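Asks: You'll find my_file.cif just under this line, and it carries mmCIF, N, CA and C atoms.
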data_structure
#
loop_
_atom_site.group_PDB
_atom_site.id
_atom_site.type_symbol
_atom_site.label_atom_id
_atom_site.label_comp_id
_atom_site.auth_asym_id
_atom_site.auth_seq_id
_atom_site.Cartn_x
_atom_site.Cartn_y
_atom_site.Cartn_z
ATOM 1 N N MET A 1 113.902 62.442 131.577
ATOM 2 C CA MET A 1 113.927 62.433 130.140
ATOM 3 C C MET A 1 113.822 63.879 129.650
ATOM 4 N N PRO A 2 114.661 64.279 128.686
ATOM 5 C CA PRO A 2 114.618 65.665 128.209
ATOM 6 C C PRO A 2 113.302 65.995 127.518
ATOM 7 N N ASN A 3 112.912 67.250 127.657
ATOM 8 C CA ASN A 3 111.692 67.755 127.031
ATOM 9 C C ASN A 3 112.093 68.382 125.699
ATOM 10 N N ILE A 4 111.815 67.699 124.609
ATOM 11 C CA ILE A 4 112.232 68.139 123.267
ATOM 12 C C ILE A 4 110.985 68.445 122.444
ATOM 13 N N LYS A 5 110.990 69.627 121.837
ATOM 14 C CA LYS A 5 109.844 70.058 121.032
ATOM 15 C C LYS A 5 110.351 70.737 119.754
ATOM 16 N N PRO A 6 109.570 70.673 118.700
ATOM 17 C CA PRO A 6 109.934 71.444 117.504
ATOM 18 C C PRO A 6 109.712 72.931 117.764
ATOM 19 N N VAL A 7 110.536 73.768 117.162
ATOM 20 C CA VAL A 7 110.435 75.211 117.356
ATOM 21 C C VAL A 7 109.048 75.723 116.948
ATOM 22 N N SER A 8 108.386 75.022 116.057
ATOM 23 C CA SER A 8 107.043 75.441 115.636
ATOM 24 C C SER A 8 106.049 75.421 116.802
ATOM 25 N N ASP A 9 106.334 74.661 117.860
ATOM 26 C CA ASP A 9 105.456 74.649 119.034
ATOM 27 C C ASP A 9 105.424 76.001 119.742
ATOM 28 N N LEU A 10 106.360 76.887 119.415
ATOM 29 C CA LEU A 10 106.364 78.217 120.038
ATOM 30 C C LEU A 10 105.168 79.054 119.586
ATOM 31 N N ARG A 11 104.455 78.598 118.592
ATOM 32 C CA ARG A 11 103.225 79.304 118.214
ATOM 33 C C ARG A 11 102.274 79.347 119.406
ATOM 34 N N ASN A 12 102.336 78.301 120.221
ATOM 35 C CA ASN A 12 101.569 78.242 121.457
ATOM 36 C C ASN A 12 102.575 78.318 122.610
ATOM 37 N N TYR A 13 103.286 79.441 122.701
ATOM 38 C CA TYR A 13 104.401 79.558 123.637
ATOM 39 C C TYR A 13 103.997 79.436 125.097
ATOM 40 N N ASN A 14 102.764 79.786 125.439
ATOM 41 C CA ASN A 14 102.340 79.653 126.844
ATOM 42 C C ASN A 14 102.431 78.206 127.313
ATOM 43 N N GLU A 15 102.047 77.283 126.472
ATOM 44 C CA GLU A 15 102.125 75.863 126.829
ATOM 45 C C GLU A 15 103.581 75.440 126.994
ATOM 46 N N VAL A 16 104.453 75.882 126.096
ATOM 47 C CA VAL A 16 105.871 75.546 126.181
ATOM 48 C C VAL A 16 106.467 76.133 127.460
ATOM 49 N N LEU A 17 106.134 77.382 127.771
ATOM 50 C CA LEU A 17 106.683 78.028 128.962
ATOM 51 C C LEU A 17 106.227 77.357 130.246
ATOM 52 N N ARG A 18 105.015 76.817 130.263
ATOM 53 C CA ARG A 18 104.516 76.114 131.448
ATOM 54 C C ARG A 18 105.349 74.872 131.749
ATOM 55 N N GLU A 19 105.960 74.308 130.726
ATOM 56 C CA GLU A 19 106.720 73.071 130.895
ATOM 57 C C GLU A 19 108.149 73.306 131.376
ATOM 58 N N ILE A 20 108.555 74.561 131.466
ATOM 59 C CA ILE A 20 109.911 74.875 131.915
ATOM 60 C C ILE A 20 109.922 74.941 133.435
ATOM 61 N N ALA A 21 110.864 74.240 134.028
ATOM 62 C CA ALA A 21 111.063 74.293 135.468
ATOM 63 C C ALA A 21 112.561 74.264 135.716
ATOM 64 N N GLU A 22 112.974 74.695 136.915
ATOM 65 C CA GLU A 22 114.393 74.672 137.234
ATOM 66 C C GLU A 22 114.900 73.238 137.119
ATOM 67 N N GLY A 23 115.968 73.078 136.394
ATOM 68 C CA GLY A 23 116.531 71.754 136.182
ATOM 69 C C GLY A 23 115.850 70.965 135.075
ATOM 70 N N GLU A 24 114.830 71.553 134.450
ATOM 71 C CA GLU A 24 114.101 70.880 133.382
ATOM 72 C C GLU A 24 113.915 71.817 132.189
ATOM 73 N N PRO A 25 114.975 72.035 131.426
ATOM 74 C CA PRO A 25 114.856 72.926 130.268
ATOM 75 C C PRO A 25 114.025 72.287 129.164
ATOM 76 N N VAL A 26 113.567 73.118 128.251
ATOM 77 C CA VAL A 26 112.887 72.649 127.044
ATOM 78 C C VAL A 26 113.867 72.841 125.887
ATOM 79 N N TYR A 27 114.130 71.763 125.168
ATOM 80 C CA TYR A 27 115.021 71.805 124.013
ATOM 81 C C TYR A 27 114.163 71.965 122.765
ATOM 82 N N LEU A 28 114.518 72.913 121.920
ATOM 83 C CA LEU A 28 113.766 73.163 120.694
ATOM 84 C C LEU A 28 114.584 72.710 119.493
ATOM 85 N N THR A 29 113.911 72.064 118.579
ATOM 86 C CA THR A 29 114.582 71.603 117.368
ATOM 87 C C THR A 29 114.090 72.399 116.167
ATOM 88 N N LYS A 30 114.954 72.488 115.187
ATOM 89 C CA LYS A 30 114.594 73.116 113.912
ATOM 90 C C LYS A 30 115.078 72.168 112.817
ATOM 91 N N ASN A 31 114.167 71.759 111.962
ATOM 92 C CA ASN A 31 114.469 70.782 110.916
ATOM 93 C C ASN A 31 115.044 69.493 111.499
ATOM 94 N N GLY A 32 114.525 69.100 112.668
ATOM 95 C CA GLY A 32 114.924 67.836 113.279
ATOM 96 C C GLY A 32 116.238 67.859 114.031
ATOM 97 N N ARG A 33 116.869 69.018 114.129
ATOM 98 C CA ARG A 33 118.154 69.122 114.836
ATOM 99 C C ARG A 33 118.027 70.096 116.003
ATOM 100 N N GLY A 34 118.779 69.816 117.073
ATOM 101 C CA GLY A 34 118.773 70.704 118.225
ATOM 102 C C GLY A 34 119.218 72.103 117.830
ATOM 103 N N LYS A 35 118.478 73.115 118.294
ATOM 104 C CA LYS A 35 118.791 74.496 117.905
ATOM 105 C C LYS A 35 118.794 75.445 119.097
ATOM 106 N N TYR A 36 117.820 75.322 120.019
ATOM 107 C CA TYR A 36 117.683 76.252 121.129
ATOM 108 C C TYR A 36 117.360 75.509 122.416
ATOM 109 N N VAL A 37 117.595 76.193 123.535
ATOM 110 C CA VAL A 37 117.201 75.679 124.845
ATOM 111 C C VAL A 37 116.532 76.819 125.596
ATOM 112 N N ILE A 38 115.400 76.535 126.202
ATOM 113 C CA ILE A 38 114.728 77.519 127.051
ATOM 114 C C ILE A 38 114.872 77.026 128.489
ATOM 115 N N ILE A 39 115.439 77.895 129.347
ATOM 116 C CA ILE A 39 115.645 77.507 130.740
ATOM 117 C C ILE A 39 115.050 78.560 131.675
ATOM 118 N N ASP A 40 114.821 78.152 132.894
ATOM 119 C CA ASP A 40 114.342 79.033 133.948
ATOM 120 C C ASP A 40 115.380 80.129 134.201
ATOM 121 N N ILE A 41 114.957 81.349 134.492
ATOM 122 C CA ILE A 41 115.873 82.478 134.667
ATOM 123 C C ILE A 41 116.845 82.258 135.825
ATOM 124 N N ASP A 42 116.384 81.624 136.908
ATOM 125 C CA ASP A 42 117.290 81.346 138.030
ATOM 126 C C ASP A 42 118.389 80.374 137.618
ATOM 127 N N GLU A 43 118.023 79.393 136.825
ATOM 128 C CA GLU A 43 119.010 78.441 136.329
ATOM 129 C C GLU A 43 120.004 79.137 135.398
ATOM 130 N N PHE A 44 119.517 80.052 134.576
ATOM 131 C CA PHE A 44 120.389 80.817 133.698
ATOM 132 C C PHE A 44 121.381 81.654 134.504
ATOM 133 N N ASP A 45 120.885 82.318 135.562
ATOM 134 C CA ASP A 45 121.771 83.125 136.416
ATOM 135 C C ASP A 45 122.821 82.255 137.100
ATOM 136 N N LYS A 46 122.433 81.073 137.554
ATOM 137 C CA LYS A 46 123.391 80.164 138.184
ATOM 138 C C LYS A 46 124.449 79.724 137.179
ATOM 139 N N ALA A 47 124.024 79.437 135.954
ATOM 140 C CA ALA A 47 124.968 79.010 134.917
ATOM 141 C C ALA A 47 125.963 80.130 134.604
ATOM 142 N N LYS A 48 125.477 81.372 134.512
ATOM 143 C CA LYS A 48 126.381 82.505 134.263
ATOM 144 C C LYS A 48 127.378 82.660 135.406
ATOM 145 N N ALA A 49 126.903 82.547 136.647
ATOM 146 C CA ALA A 49 127.787 82.675 137.808
ATOM 147 C C ALA A 49 128.824 81.558 137.814
ATOM 148 N N THR A 50 128.417 80.362 137.459
ATOM 149 C CA THR A 50 129.356 79.235 137.402
ATOM 150 C C THR A 50 130.422 79.466 136.347
ATOM 151 N N LEU A 51 130.014 79.969 135.186
ATOM 152 C CA LEU A 51 130.988 80.263 134.127
ATOM 153 C C LEU A 51 131.974 81.346 134.562
ATOM 154 N N ARG A 52 131.473 82.380 135.261
ATOM 155 C CA ARG A 52 132.373 83.422 135.763
ATOM 156 C C ARG A 52 133.359 82.848 136.771
ATOM 157 N N LEU A 53 132.871 81.983 137.661
ATOM 158 C CA LEU A 53 133.735 81.356 138.652
ATOM 159 C C LEU A 53 134.815 80.525 137.974
ATOM 160 N N PHE A 54 134.419 79.683 137.011
ATOM 161 C CA PHE A 54 135.400 78.869 136.299
ATOM 162 C C PHE A 54 136.411 79.726 135.550
ATOM 163 N N SER A 55 135.962 80.845 134.997
ATOM 164 C CA SER A 55 136.869 81.749 134.301
ATOM 165 C C SER A 55 137.901 82.327 135.258
ATOM 166 N N GLU A 56 137.451 82.766 136.438
ATOM 167 C CA GLU A 56 138.375 83.319 137.428
ATOM 168 C C GLU A 56 139.330 82.246 137.956
ATOM 169 N N LEU A 57 138.823 81.041 138.172
ATOM 170 C CA LEU A 57 139.687 79.948 138.628
ATOM 171 C C LEU A 57 140.742 79.622 137.573
ATOM 172 N N SER A 58 140.339 79.670 136.308
ATOM 173 C CA SER A 58 141.279 79.419 135.222
ATOM 174 C C SER A 58 142.373 80.481 135.191
ATOM 175 N N LYS A 59 141.980 81.742 135.382
ATOM 176 C CA LYS A 59 142.973 82.823 135.433
ATOM 177 C C LYS A 59 143.940 82.602 136.586
ATOM 178 N N GLY A 60 143.421 82.193 137.735
ATOM 179 C CA GLY A 60 144.274 81.928 138.893
ATOM 180 C C GLY A 60 145.239 80.789 138.639
ATOM 181 N N GLU A 61 144.744 79.739 138.003
ATOM 182 C CA GLU A 61 145.610 78.596 137.683
ATOM 183 C C GLU A 61 146.716 79.006 136.708
ATOM 184 N N GLU A 62 146.349 79.785 135.680
ATOM 185 C CA GLU A 62 147.359 80.252 134.720
ATOM 186 C C GLU A 62 148.403 81.114 135.419
ATOM 187 N N SER A 63 147.955 82.000 136.298
ATOM 188 C CA SER A 63 148.871 82.863 137.035
ATOM 189 C C SER A 63 149.797 82.040 137.927
ATOM 190 N N ALA A 64 149.243 81.048 138.591
ATOM 191 C CA ALA A 64 150.043 80.209 139.483
ATOM 192 C C ALA A 64 151.076 79.405 138.694
ATOM 193 N N GLN A 65 150.677 78.909 137.523
ATOM 194 C CA GLN A 65 151.626 78.146 136.714
ATOM 195 C C GLN A 65 152.735 79.052 136.181
ATOM 196 N N LYS A 66 152.394 80.295 135.879
ATOM 197 C CA LYS A 66 153.365 81.242 135.345
ATOM 198 C C LYS A 66 154.283 81.782 136.452
ATOM 199 N N ASP A 67 153.662 82.227 137.550
ATOM 200 C CA ASP A 67 154.413 82.915 138.602
ATOM 201 C C ASP A 67 154.761 82.035 139.792
ATOM 202 N N GLY A 68 154.211 80.827 139.842
ATOM 203 C CA GLY A 68 154.483 79.910 140.949
ATOM 204 C C GLY A 68 153.399 79.968 142.013
ATOM 205 N N TRP A 69 153.373 78.936 142.795
ATOM 206 C CA TRP A 69 152.383 78.790 143.856
ATOM 207 C C TRP A 69 152.946 79.331 145.162
ATOM 208 N N ILE A 70 152.073 79.699 146.091
ATOM 209 C CA ILE A 70 152.516 80.039 147.440
ATOM 210 C C ILE A 70 151.885 79.033 148.395
ATOM 211 N N SER A 71 152.501 78.866 149.526
ATOM 212 C CA SER A 71 151.995 77.889 150.485
ATOM 213 C C SER A 71 150.713 78.402 151.133
ATOM 214 N N PHE A 72 149.981 77.487 151.737
ATOM 215 C CA PHE A 72 148.753 77.843 152.439
ATOM 216 C C PHE A 72 149.059 78.834 153.556
ATOM 217 N N ASP A 73 150.109 78.582 154.314
ATOM 218 C CA ASP A 73 150.468 79.462 155.431
ATOM 219 C C ASP A 73 150.812 80.877 154.933
ATOM 220 N N ASP A 74 151.516 80.965 153.810
ATOM 221 C CA ASP A 74 151.830 82.283 153.250
ATOM 222 C C ASP A 74 150.561 83.000 152.789
ATOM 223 N N ALA A 75 149.639 82.250 152.205
ATOM 224 C CA ALA A 75 148.372 82.856 151.770
ATOM 225 C C ALA A 75 147.583 83.383 152.962
ATOM 226 N N VAL A 76 147.513 82.594 154.027
ATOM 227 C CA VAL A 76 146.805 83.025 155.239
ATOM 228 C C VAL A 76 147.467 84.275 155.804
ATOM 229 N N GLY A 77 148.794 84.310 155.819
ATOM 230 C CA GLY A 77 149.521 85.470 156.312
ATOM 231 C C GLY A 77 149.259 86.718 155.487
ATOM 232 N N LYS A 78 149.254 86.564 154.177
ATOM 233 C CA LYS A 78 149.008 87.713 153.303
ATOM 234 C C LYS A 78 147.577 88.236 153.414
ATOM 235 N N LEU A 79 146.642 87.342 153.695
ATOM 236 C CA LEU A 79 145.247 87.745 153.847
ATOM 237 C C LEU A 79 144.951 88.271 155.236
ATOM 238 N N GLY A 80 145.854 88.018 156.169
ATOM 239 C CA GLY A 80 145.653 88.490 157.541
ATOM 240 C C GLY A 80 144.566 87.724 158.265
ATOM 241 N N VAL A 81 144.374 86.492 157.881
ATOM 242 C CA VAL A 81 143.316 85.670 158.504
ATOM 243 C C VAL A 81 143.877 84.937 159.689
#
Could the structure of this file be written out as structure tokens, please?
Replies:
Amino acid sequence: MPNIKPVSDLRNYNEVLREIAEGEPVYLTKNGRGKYVIIDIDEFDKAKATLRLFSELSKGEESAQKDGWISFDDAVGKLGV
């Protein structure tokens, strides 16, 4: 179950920070609506790395659609593997 708290709970931020664990973010609301998320730094780094990976994969897909695909054997040959 998600951990949802009003942003006003940050007045006692130590308690809020204790409740953060990897895979268990704290969602903060403002005026009853979702506004912020506090996550563990390792989880944040993983999310950034995942976004970078997806961005690079997207660029590769666009390039392949534009310039065409090469076969697996040709890729292995070009990489010298």
Asks: Mind listing whatever residues come within 12 Å of the point (104.1, 74.4, 124.6)? Use only C-alpha atoms, file coordinates, and give them as a VMD selection string.
Replies: chain A and resid 3 to 20 26 to 28 38
Asks: Provide the CA of Asp42 in chain A to atom N of Glu22 in chain A distance in Å, to one decimal place.
Replies: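 These atoms are spaced 8.0 Å apart.
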Asks: What does the structure give for the distance between atom C of Glu56 in chain A and CA of Asp40 in chain A, in Å to one decimal?
Replies: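 Computing the Euclidean distance for atom C of Glu56 in chain A and CA of Asp40 in chain A yields 25.5 Å.
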Asks: Hey, what's within 8 Å of Glu43 in chain A if we count all atoms listed in the file and toss same-chain stuff fewer than 4 positions away? As a ChimeraX atom specification, please?
Replies: /A:21-23,39,47-49
Asks: How would you write, as a PyMOL selection string, the set of residues in chain A that DSSP gives as alpha helix (DSSP H)?
Replies: chain A and resi 13-18+41-67+72-79
Asks: Got a sec to tell me which of chain A DSSP assigns to strand (DSSP E or B), as JSON, numbers by chain?
Replies: {"A": [3, 4, 5, 6, 21, 24, 26, 27, 28, 29, 30, 33, 34, 35, 36, 37, 38]}
Asks: Restricting the calculation to all atoms listed in the file: of A:Val81, A:Val37, A:Leu53, A:Ile70, which residue gets closest to Pro25 in chain A?
Replies: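 Checking each candidate against Pro25 in chain A, we get A:Val37 as the closest.
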Asks: Measuring atom to atom with only C-alpha atoms, identify which of A:Leu57, A:Ile41, A:Leu79, A:Leu51 is nearest to Glu24 in chain A.
Replies: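 Of A:Leu57, A:Ile41, A:Leu79, A:Leu51, the one nearest Glu24 in chain A, counting only C-alpha atoms, is A:Ile41.
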Asks: By how many Å are atom C of Phe72 in chain A and atom C of Gly60 in chain A apart?
Replies: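 Straight-line distance from atom C of Phe72 in chain A to atom C of Gly60 in chain A works out to 15.5 Å.
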